[in-house]
There are 2 protein chains.
Amino acid sequence: MIETNLYEAMRTQRAIRRLRPDPIPDDVLHRIFEAATYAPTGGNRQVWRMIAVWDTSTKQQLGRLYAKHWLPYAENFRKTNPDTSGDAAAAMERTLAAGDHLAANLGNIPVVVIVCFEAYGLAVTDVDQGRIPVVGGGSIYPAVQNLMLAARAEGVGCVLTTLLCMSEPEVKKLLNIPEDWATAAMVPLGYSVGVGYGPISRKPVEDLFFQDSWGQPIDAAGEPQ
Amino acid sequence: MIETNLYEAMRTQRAIRRLRPDPIPDDVLHRIFEAATYAPTGGNRQVWRMIAVWDTSTKQQLGRLYAKHWLPYAENFRKTNPDTSGDAAAAMERTLAAGDHLAANLGNIPVVVIVCFEAYGLAVTDVDQGRIPVVGGGSIYPAVQNLMLAARAEGVGCVLTTLLCMSEPEVKKLLNIPEDWATAAMVPLGYSVGVGYGPISRKPVEDLFFQDSWGQPIDAAGEPQ
């Protein structure tokens, strides 16, 4: 399950929501955490921090907060996708059931990582565009992705979740996060109940990349020469 | 210069701003672009697109827009860090000079990638927290980081920049980006003028990770067992 080839790790980085309670060895966790530190950030200021939660009671409280948002989210998802059928419906239901499992079992997962950032420490260049800003995430989610790729390399399952941000005040109180820091994600870490990492379903390069101008097909999308 | 070991690629992922005009082979670009497609996104909806700009005139126009923001940014940075001295001052000046070079030479860089996202297509869970939202970036910057790690693996230099978002209306017009899509980053791609990828300077795990509660030192921060 250890896969340190960059491309193979990326190609098999599945979201894994059913995690076993088995502990993760310290040296494995250290490599996963260290990978996050390598990520680029604006001005190399690294204005993120991560809290790795081992304590069962704290994880259970995070689980209750998460479930409060997950359950209505899943219900709404089922309602708004009623026409899904066949393989797509089965896949959707598998994902939602895995989410239910995650919400119900957060207290039993070995480590739950809460990603924080300095709320007023980011240089955000897209605040005046009349739409929801995203650029602050440019100094946070590369570190989260490094952490998750390293988890994949080590055979440790994880998934990037953001629903808990809806309970940010409660999470900050629970984890003693300072006033001027905020939360950006929750990443549970543990060994997979099921088969774990494997093939993923993604749009191809030609659907996601354009050349020179929006909508223009890209030349480099051809098969490798 | 090819480095496909995941950890080694991360450990040497320097920001590279001085890029040669030499073209990047199509197969190399294809692997870099494909790496971006593998990244996780909320609900696997992949509501990002990237425009890879080869056209010289378009790159020159992007360069003029970028320089408009870079030059005051760099000037302000020098003014607000007047006490920096010695090695830190030299490092700051090297970075700023490399930024000047990037701004002046964008037209000569082989490929400039503009990262776009569906402005109203993201599930953003942190809009009501009384601070600048970042969660939308959770479905964008993992793909950008995959692209940049793949570039590092291939020995192609790059840097994540966001200043161009300040000219989003002009960029959208130039690249025919639809009304309901927005911009999140500019990533120039090219072979390095200098030595390229190598050691990076980052805070250690014990400075960036806490255990169970904010400020509490982390056990897994010790040396690998």
# chains A, B, ... in the order shown; residues from 1 in each chain; ligands from 1
>>> residues_around(residues="Gly190 of chain B", least_positions_apart="4", cutoff="6 Å", atoms="only C-alpha atoms", output="list in words")
Leu19, Pro110, Val156 and Gly157 of chain B
>>> interface_residues(of="chain A", to="chain B", cutoff="6 Å", atoms="only C-alpha atoms", output="PyMOL selection string")
chain A and resi 4-6+11+26-27+30+34+38+49-53+125-126+133-134+136-138+141-142+145+163+165-166+175-177+205+208-214+220-221+224-225
>>> atom_distance(atom1="atom CA of Gly194 of chain B", atom2="atom CA of Asn76 of chain B")
26.3 Å
>>> closest_residue(among="A:Val195, A:Val171, A:Asp22, A:Arg78", to="Ala90 of chain A", atoms="only C-alpha atoms")
A:Arg78
>>> residues_around(residues="Arg20 of chain A", least_positions_apart="2", cutoff="7 Å", atoms="only C-alpha atoms", output="JSON, numbers by chain")
{"A": [18, 22, 109, 190, 191, 192, 193]}
>>> write_last_selection(atoms="N, CA and C atoms", output="PDB file, in the first residue's frame")
ATOM      1  N   ARG A  18     -14.369   5.666   5.393  1.00  0.00           N
ATOM      2  CA  ARG A  18     -14.554   4.583   6.372  1.00  0.00           C
ATOM      3  C   ARG A  18     -13.173   4.203   6.891  1.00  0.00           C
ATOM      4  N   ASP A  22      -7.535   1.554  14.333  1.00  0.00           N
ATOM      5  CA  ASP A  22      -6.121   1.190  14.546  1.00  0.00           C
ATOM      6  C   ASP A  22      -5.227   2.429  14.543  1.00  0.00           C
ATOM      7  N   ILE A 109     -11.843   7.382  15.103  1.00  0.00           N
ATOM      8  CA  ILE A 109     -10.782   7.522  14.093  1.00  0.00           C
ATOM      9  C   ILE A 109      -9.501   7.940  14.814  1.00  0.00           C
ATOM     10  N   GLY A 190      -6.748   7.733   9.007  1.00  0.00           N
ATOM     11  CA  GLY A 190      -6.801   6.378   9.559  1.00  0.00           C
ATOM     12  C   GLY A 190      -6.680   5.351   8.452  1.00  0.00           C
ATOM     13  N   TYR A 191      -6.439   4.107   8.844  1.00  0.00           N
ATOM     14  CA  TYR A 191      -6.361   3.054   7.830  1.00  0.00           C
ATOM     15  C   TYR A 191      -7.767   2.702   7.353  1.00  0.00           C
ATOM     16  N   SER A 192      -7.888   2.387   6.079  1.00  0.00           N
ATOM     17  CA  SER A 192      -9.191   2.168   5.463  1.00  0.00           C
ATOM     18  C   SER A 192      -9.849   0.869   5.924  1.00  0.00           C
ATOM     19  N   VAL A 193     -11.166   0.921   6.128  1.00  0.00           N
ATOM     20  CA  VAL A 193     -11.955  -0.285   6.390  1.00  0.00           C
ATOM     21  C   VAL A 193     -11.970  -1.158   5.138  1.00  0.00           C
TER      22      VAL A 193
END
>>> atom_distance(atom1="atom CA of Gly86 of chain A", atom2="atom CA of Asn105 of chain A")
28.5 Å
>>> select_by_dssp(residues="segment 48-218 of chain A", states="strand (DSSP E)", output="PyMOL selection string")
chain A and resi 48-53+111-118+157-158+181-190+209-211
